[in-house]
file run.txt (compact mmCIF, C-alpha atoms)
# COMPACT_ATOMS: atom_id res chain seq x y z
CA MET L 1277 -9.23 66.31 60.77
CA MET L 1278 -11.60 69.26 61.30
CA LYS L 1279 -13.74 67.14 63.67
CA TRP L 1280 -10.63 66.29 65.73
CA HIS L 1281 -9.68 69.99 65.96
CA ARG L 1282 -13.25 70.84 66.99
CA HIS L 1283 -13.15 68.30 69.84
CA THR L 1284 -9.73 69.59 70.93
CA TYR L 1285 -11.05 73.15 70.98
CA LEU L 1286 -14.10 72.17 73.09
CA ALA L 1287 -11.93 70.23 75.55
CA GLY L 1288 -9.59 73.20 75.89
CA LEU L 1289 -12.53 75.55 76.45
CA LEU L 1290 -13.91 73.35 79.23
CA ILE L 1291 -10.49 73.19 80.91
CA THR L 1292 -10.17 76.98 80.70
CA ILE L 1293 -13.62 77.51 82.26
CA SER L 1294 -12.76 75.04 85.00
CA ASN L 1295 -9.50 76.86 85.73
CA ILE L 1296 -11.27 80.22 85.90
CA PHE L 1297 -14.08 79.18 88.25
CA ILE L 1298 -12.98 76.09 90.18
CA ALA L 1299 -9.19 75.80 90.24
CA GLU L 1300 -8.70 78.08 93.25
CA ALA L 1301 -11.84 77.04 95.10
CA THR L 1302 -11.59 76.16 98.77
CA VAL L 1303 -14.06 74.44 101.07
CA PRO L 1304 -15.20 76.79 103.88
CA ASN L 1305 -15.41 75.73 107.53
CA ASP L 1306 -17.92 76.41 110.30
CA THR L 1307 -16.26 79.73 111.21
CA THR L 1308 -17.02 81.51 107.91
CA TYR L 1309 -19.84 84.01 107.46
CA VAL L 1310 -22.22 83.03 104.66
CA VAL L 1311 -24.84 84.96 102.69
CA GLY L 1312 -26.88 83.10 100.08
CA VAL L 1313 -29.73 83.81 97.68
CA SER L 1314 -31.73 81.42 95.52
CA ALA L 1315 -34.69 81.30 93.17
CA GLY L 1316 -36.86 78.35 92.26
CA TYR L 1317 -40.02 76.90 90.79
CA GLY L 1318 -42.67 74.73 92.38
CA TYR L 1319 -45.75 72.81 91.39
CA ASN L 1320 -48.42 71.17 93.53
CA GLU L 1321 -52.04 70.11 93.34
CA THR L 1322 -53.25 73.01 95.49
CA TYR L 1323 -51.67 76.06 93.84
CA ALA L 1324 -50.33 74.64 90.54
CA HIS L 1325 -47.32 76.73 89.39
CA TYR L 1326 -45.49 79.16 91.66
CA GLY L 1327 -42.10 80.74 92.19
CA LEU L 1328 -39.96 81.01 95.31
CA PHE L 1329 -37.07 83.17 96.49
CA THR L 1330 -34.81 82.76 99.52
CA LEU L 1331 -32.27 84.79 101.47
CA ASP L 1332 -30.12 82.87 103.97
CA THR L 1333 -27.34 83.92 106.34
CA ARG L 1334 -25.00 81.89 108.54
CA LEU L 1335 -23.37 83.73 111.43
CA PRO L 1336 -20.58 81.93 113.32
CA ILE L 1337 -20.61 83.00 116.97
CA SER L 1338 -17.48 81.04 117.90
CA SER L 1339 -15.70 77.85 116.85
CA HIS L 1340 -18.41 75.90 118.74
CA PHE L 1341 -21.55 77.90 117.95
CA ALA L 1342 -23.20 79.13 114.77
CA GLY L 1343 -26.52 80.77 114.02
CA GLU L 1344 -28.66 80.91 110.89
CA VAL L 1345 -31.38 83.34 109.84
CA ASN L 1346 -33.38 82.24 106.79
CA THR L 1347 -36.27 83.81 104.87
CA ARG L 1348 -38.36 82.50 101.98
CA ALA L 1349 -41.07 84.16 99.90
CA GLN L 1350 -43.36 82.30 97.51
CA THR L 1351 -45.56 83.79 94.81
CA VAL L 1352 -48.63 82.11 96.32
CA ASN L 1353 -48.47 84.81 99.03
CA SER L 1354 -46.69 82.62 101.56
CA TYR L 1355 -43.68 83.65 103.65
CA ASP L 1356 -41.32 81.74 105.95
CA PHE L 1357 -38.85 82.96 108.57
CA SER L 1358 -36.53 80.81 110.66
CA PHE L 1359 -33.76 81.04 113.23
CA HIS L 1360 -31.36 78.17 113.98
CA LEU L 1361 -28.69 77.91 116.67
CA TYR L 1362 -26.05 75.19 116.29
CA PRO L 1363 -23.78 74.16 119.18
CA ILE L 1364 -20.94 72.16 117.52
CA PHE L 1365 -18.61 69.62 119.13
CA PRO L 1366 -15.72 68.49 116.86
CA LEU L 1367 -14.53 64.88 117.21
CA LYS L 1368 -11.54 63.01 115.84
CA SER L 1369 -13.86 61.75 113.13
CA GLY L 1370 -16.80 64.00 112.34
CA LYS L 1371 -18.80 66.36 114.56
CA LEU L 1372 -21.65 66.21 117.04
CA PHE L 1373 -24.14 69.07 116.91
CA PHE L 1374 -27.46 70.35 118.22
CA ASP L 1375 -30.03 72.21 116.13
CA MET L 1376 -32.29 74.51 118.15
CA HIS L 1377 -34.75 76.23 115.84
CA ILE L 1378 -37.82 78.44 115.66
CA LEU L 1379 -39.79 78.56 112.39
CA TYR L 1380 -42.63 80.94 111.50
CA ASN L 1381 -44.89 80.70 108.45
CA LEU L 1382 -47.42 83.24 107.18
CA ASN L 1383 -49.74 81.88 104.51
CA ALA L 1384 -51.62 85.07 103.70
CA ARG L 1385 -53.52 83.48 100.84
CA ASN L 1386 -55.33 81.10 103.21
CA ARG L 1387 -55.14 83.44 106.25
CA ILE L 1388 -53.17 80.87 108.25
CA HIS L 1389 -49.99 81.34 110.21
CA GLY L 1390 -47.94 78.87 112.22
CA LEU L 1391 -45.08 78.58 114.65
CA CYS L 1392 -42.75 75.59 115.12
CA GLY L 1393 -40.00 74.93 117.62
CA GLY L 1394 -37.61 72.02 117.87
CA LEU L 1395 -34.41 70.59 119.24
CA SER L 1396 -32.38 67.96 117.35
CA PHE L 1397 -29.17 66.10 118.13
CA GLY L 1398 -27.00 64.90 115.28
CA TYR L 1399 -23.72 63.60 113.93
CA THR L 1400 -22.00 64.48 110.68
CA MET L 1401 -18.91 63.09 108.95
CA ASP L 1402 -17.52 62.80 105.42
CA TYR L 1403 -20.32 60.81 103.79
CA VAL L 1404 -23.31 61.08 106.12
CA GLU L 1405 -25.31 63.46 108.29
CA LEU L 1406 -27.84 62.09 110.80
CA SER L 1407 -30.05 63.80 113.36
CA VAL L 1408 -33.11 63.05 115.48
CA GLY L 1409 -35.10 65.37 117.68
CA TYR L 1410 -38.34 66.62 119.17
CA GLY L 1411 -40.60 69.39 117.92
CA ILE L 1412 -43.91 71.17 118.50
CA ARG L 1413 -46.24 72.86 115.99
CA LEU L 1414 -48.90 75.52 116.41
CA SER L 1415 -51.08 76.93 113.63
CA ALA L 1416 -54.13 79.17 113.58
CA ILE L 1417 -56.29 81.39 111.40
CA PHE L 1418 -54.86 84.87 111.86
CA GLY L 1419 -57.11 87.72 112.89
CA MET L 1420 -58.81 85.61 115.57
CA SER L 1421 -58.62 87.09 119.09
CA LYS L 1422 -58.51 83.62 120.65
CA ARG L 1423 -57.33 80.26 119.35
CA THR L 1424 -59.91 77.45 119.62
CA ALA L 1425 -60.17 73.88 118.35
CA GLU L 1426 -62.17 75.22 115.39
CA ASN L 1427 -59.68 77.86 114.22
CA GLY L 1428 -56.33 76.46 115.39
CA LEU L 1429 -54.18 73.37 115.73
CA PHE L 1430 -51.64 72.50 118.42
CA GLU L 1431 -49.34 69.48 118.08
CA PRO L 1432 -47.21 69.11 121.23
CA HIS L 1433 -45.32 65.99 120.14
CA ASN L 1434 -43.46 65.52 116.87
CA LEU L 1435 -40.46 63.33 116.03
CA LEU L 1436 -37.88 65.14 113.90
CA TYR L 1437 -35.37 63.29 111.71
CA HIS L 1438 -32.82 63.97 109.00
CA VAL L 1439 -30.76 61.45 107.01
CA GLU L 1440 -28.43 62.69 104.27
CA LEU L 1441 -25.91 60.62 102.29
CA TYR L 1442 -23.11 62.22 100.23
CA ALA L 1443 -21.42 60.79 97.14
CA ARG L 1444 -18.05 62.36 98.03
CA PRO L 1445 -16.31 63.53 101.22
CA ARG L 1446 -17.73 66.77 102.64
CA SER L 1447 -14.36 68.44 102.08
CA SER L 1448 -14.70 68.04 98.28
CA ILE L 1449 -15.13 71.15 96.14
CA TRP L 1450 -18.21 69.55 94.55
CA ASN L 1451 -20.69 67.02 95.85
CA ILE L 1452 -24.13 65.49 95.43
CA SER L 1453 -26.37 64.09 98.15
CA ALA L 1454 -29.70 62.34 98.73
CA CYS L 1455 -31.74 63.23 101.79
CA ILE L 1456 -34.95 62.33 103.62
CA SER L 1457 -36.08 64.71 106.34
CA ASN L 1458 -39.16 66.22 107.98
CA VAL L 1459 -37.41 69.42 109.08
CA THR L 1460 -35.77 71.93 106.73
CA ASP L 1461 -34.46 75.49 106.90
CA TYR L 1462 -38.02 76.80 106.45
CA GLN L 1463 -40.55 74.24 107.65
CA GLN L 1464 -41.24 71.40 110.03
CA GLU L 1465 -43.42 68.50 108.92
CA ARG L 1466 -45.19 65.78 110.84
CA MET L 1467 -43.13 62.65 111.43
CA PHE L 1468 -45.10 60.69 108.81
CA THR L 1469 -44.77 63.35 106.06
CA PRO L 1470 -41.12 63.27 104.93
CA VAL L 1471 -39.59 65.43 102.23
CA PHE L 1472 -37.14 63.83 99.76
CA PHE L 1473 -34.21 65.85 98.41
CA ILE L 1474 -31.48 65.62 95.81
CA LYS L 1475 -28.85 68.31 96.44
CA ASN L 1476 -25.70 69.42 94.68
CA TYR L 1477 -23.03 72.04 95.28
CA VAL L 1478 -19.92 73.26 93.48
CA MET L 1479 -17.35 75.51 95.12
CA LEU L 1480 -16.44 78.18 92.60
CA ARG L 1481 -13.36 80.38 92.53
CA ALA L 1482 -12.38 81.77 95.96
CA HIS L 1483 -15.49 82.49 98.07
CA TRP L 1484 -18.41 81.42 95.88
CA LYS L 1485 -20.57 78.28 96.08
CA LEU L 1486 -23.22 77.27 93.53
CA LYS L 1487 -26.07 75.15 94.94
CA THR L 1488 -29.00 73.29 93.38
CA GLU L 1489 -31.82 71.35 95.02
CA ILE L 1490 -34.81 69.25 93.97
CA ALA L 1491 -37.41 68.40 96.63
CA CYS L 1492 -40.48 66.16 96.52
CA LYS L 1493 -43.23 66.07 99.12
CA PRO L 1494 -45.52 63.12 98.35
CA VAL L 1495 -47.84 63.83 101.31
CA GLY L 1496 -48.47 67.00 103.22
CA LEU L 1497 -51.88 67.31 104.86
CA SER L 1498 -52.06 70.24 107.33
CA ASN L 1499 -48.55 71.45 106.54
CA LEU L 1500 -47.49 74.95 107.53
CA SER L 1501 -46.53 75.62 103.91
CA PRO L 1502 -48.35 75.80 100.56
CA SER L 1503 -46.43 72.85 99.08
CA PHE L 1504 -48.99 70.05 99.32
CA TYR L 1505 -48.35 66.98 97.16
CA GLY L 1506 -45.78 68.59 94.91
CA ALA L 1507 -42.18 69.24 94.00
CA THR L 1508 -39.82 72.20 93.95
CA GLY L 1509 -36.48 72.97 92.35
CA ARG L 1510 -34.16 75.85 93.08
CA ILE L 1511 -30.72 77.16 92.24
CA GLY L 1512 -28.70 79.62 94.27
CA ILE L 1513 -25.35 81.18 95.00
CA GLU L 1514 -23.55 81.66 98.31
CA TYR L 1515 -20.73 84.00 99.26
CA HIS L 1516 -18.38 82.89 102.07
CA PHE L 1517 -16.54 85.70 103.85
call {"tool": "encode", "arguments": {"input": "run.txt", "output": "structure tokens"}}
result
Amino acid sequence: MMKWHRHTYLAGLLITISNIFIAEATVPNDTTYVVGVSAGYGYNETYAHYGLFTLDTRLPISSHFAGEVNTRAQTVNSYDFSFHLYPIFPLKSGKLFFDMHILYNLNARNRIHGLCGGLSFGYTMDYVELSVGYGIRLSAIFGMSKRTAENGLFEPHNLLYHVELYARPRSSIWNISACISNVTDYQQERMFTPVFFIKNYVMLRAHWKLKTEIACKPVGLSNLSPSFYGATGRIGIEYHF
């Protein structure tokens, strides 16, 4: 009898917590302002253990345009800054969009910095998001007055791609997805060095969203980031105005 009462109490507690945090949650649209922070942990064969912290903002310009400004700092003395502009074209089923982005990385530990630019065209609907595009990458040893073949690298042609599959409709208050991509909010990889993701979000009460992410980069030679041959995990919170 006591075991039955204990189970009833636990079930009631879970329902109460759900009602407090999730019952009044709503799914935001593309016209909401978003500010998010996250913290995470990474491990790779180059730097072993390190931490990471991010600050992200989404700024809707109109119902058809949105911008993003993202920053990331890692305890291996590496810093990333990015700007994205998204023209959006709603359809009867899903949306078409462009992603125009500029990414900058400063790896002070190795005295390397890099600049990436790209343009992608994509489609998103309830269970899938797809995009393909073109990008360029430039990296160099900072402090040099002139970039040469010995102290810099210029890649004028790079295929960008992103494939993400969702377990539930995008309008759900919680979801989980699997993704393969060579372009993220903070970095752009070569076409043959994809990053694999497992992502999850839960819309909390009113304006809050809880997000988690696990990423694995099995290859990464000459990346503009310190995450060679490793994995990262992070958890964060977003506020939607």
call {"tool": "atom_distance", "arguments": {"input": "run.txt", "atom1": "CA of Ala1384 in chain L", "atom2": "CA of Asn1458 in chain L"}}
result
23.0 Å
call {"tool": "residues_around", "arguments": {"input": "run.txt", "residues": "range 1413-1418 of chain L", "least_positions_apart": "2", "cutoff": "7 Å", "atoms": "all atoms listed in the file", "output": "list in words"}}
result
Arg1387, Ile1388, His1389, Gly1390, Leu1391, Cys1392, Gly1393, Gly1411, Met1420, Arg1423, Asn1427, Gly1428, Leu1429, Phe1430, Glu1431 and Pro1432 of chain L
call {"tool": "atom_distance", "arguments": {"input": "run.txt", "atom1": "CA of Leu1406 in chain L", "atom2": "CA of Gln1464 in chain L"}}
result
16.3 Å
call {"tool": "residues_around", "arguments": {"input": "run.txt", "residues": "Cys1455 in chain L", "least_positions_apart": "5", "cutoff": "7 Å", "atoms": "only C-alpha atoms", "output": "list in words"}}
result
Val1439, Glu1440, Leu1441, Phe1472, Phe1473 and Ile1474 of chain L
call {"tool": "residues_around", "arguments": {"input": "run.txt", "residues": "range 1336-1345 of chain L", "least_positions_apart": "2", "cutoff": "6 Å", "atoms": "all atoms listed in the file", "output": "number ranges by chain"}}
result
L: 1307, 1333-1334, 1358-1364
call {"tool": "closest_residue", "arguments": {"input": "run.txt", "among": "L:His1433, L:Lys1485, L:Arg1348, L:Arg1444", "to": "Tyr1403 in chain L", "atoms": "all atoms listed in the file"}}
result
L:Arg1444
call {"tool": "atom_distance", "arguments": {"input": "run.txt", "atom1": "CA of Asn1451 in chain L", "atom2": "CA of Cys1492 in chain L"}}
result
19.8 Å
call {"tool": "closest_residue", "arguments": {"input": "run.txt", "among": "L:Tyr1317, L:Tyr1462, L:Phe1468, L:Phe1373", "to": "Tyr1355 in chain L", "atoms": "all atoms listed in the file"}}
result
L:Tyr1462
call {"tool": "closest_residue", "arguments": {"input": "run.txt", "among": "L:Gly1509, L:Gly1327, L:Gly1370, L:Pro1470", "to": "Pro1494 in chain L", "atoms": "all atoms listed in the file"}}
result
L:Pro1470
call {"tool": "closest_residue", "arguments": {"input": "run.txt", "among": "L:Pro1445, L:Gln1350, L:Asp1461, L:Val1404", "to": "Ile1378 in chain L", "atoms": "all atoms listed in the file"}}
result
L:Asp1461
call {"tool": "residues_around", "arguments": {"input": "run.txt", "residues": "Arg1510 in chain L", "least_positions_apart": "6", "cutoff": "6 Å", "atoms": "only C-alpha atoms", "output": "NGL selection string"}}
result
:L and (1315-1316 or 1488-1489)
call {"tool": "closest_residue", "arguments": {"input": "run.txt", "among": "L:Tyr1380, L:Tyr1437, L:Tyr1515, L:Phe1357", "to": "Thr1330 in chain L", "atoms": "all atoms listed in the file"}}
result
L:Phe1357
call {"tool": "axis_aligned_box", "arguments": {"input": "run.txt", "around": "range 1487-1496 of chain L", "padding_each_side": "3 Å", "output": "AutoDock Vina command-line options"}}
result
--center_x -37.3 --center_y 69.1 --center_z 98.3 --size_x 28.4 --size_y 18.0 --size_z 15.8
call {"tool": "residues_near_point", "arguments": {"input": "run.txt", "point": "(-51.6, 68.4, 88.8)", "cutoff": "12 Å", "atoms": "only C-alpha atoms", "output": "list in words"}}
result
Gly1318, Tyr1319, Asn1320, Glu1321, Thr1322, Tyr1323, Ala1324, His1325, Phe1504, Tyr1505, Gly1506 and Ala1507 of chain L
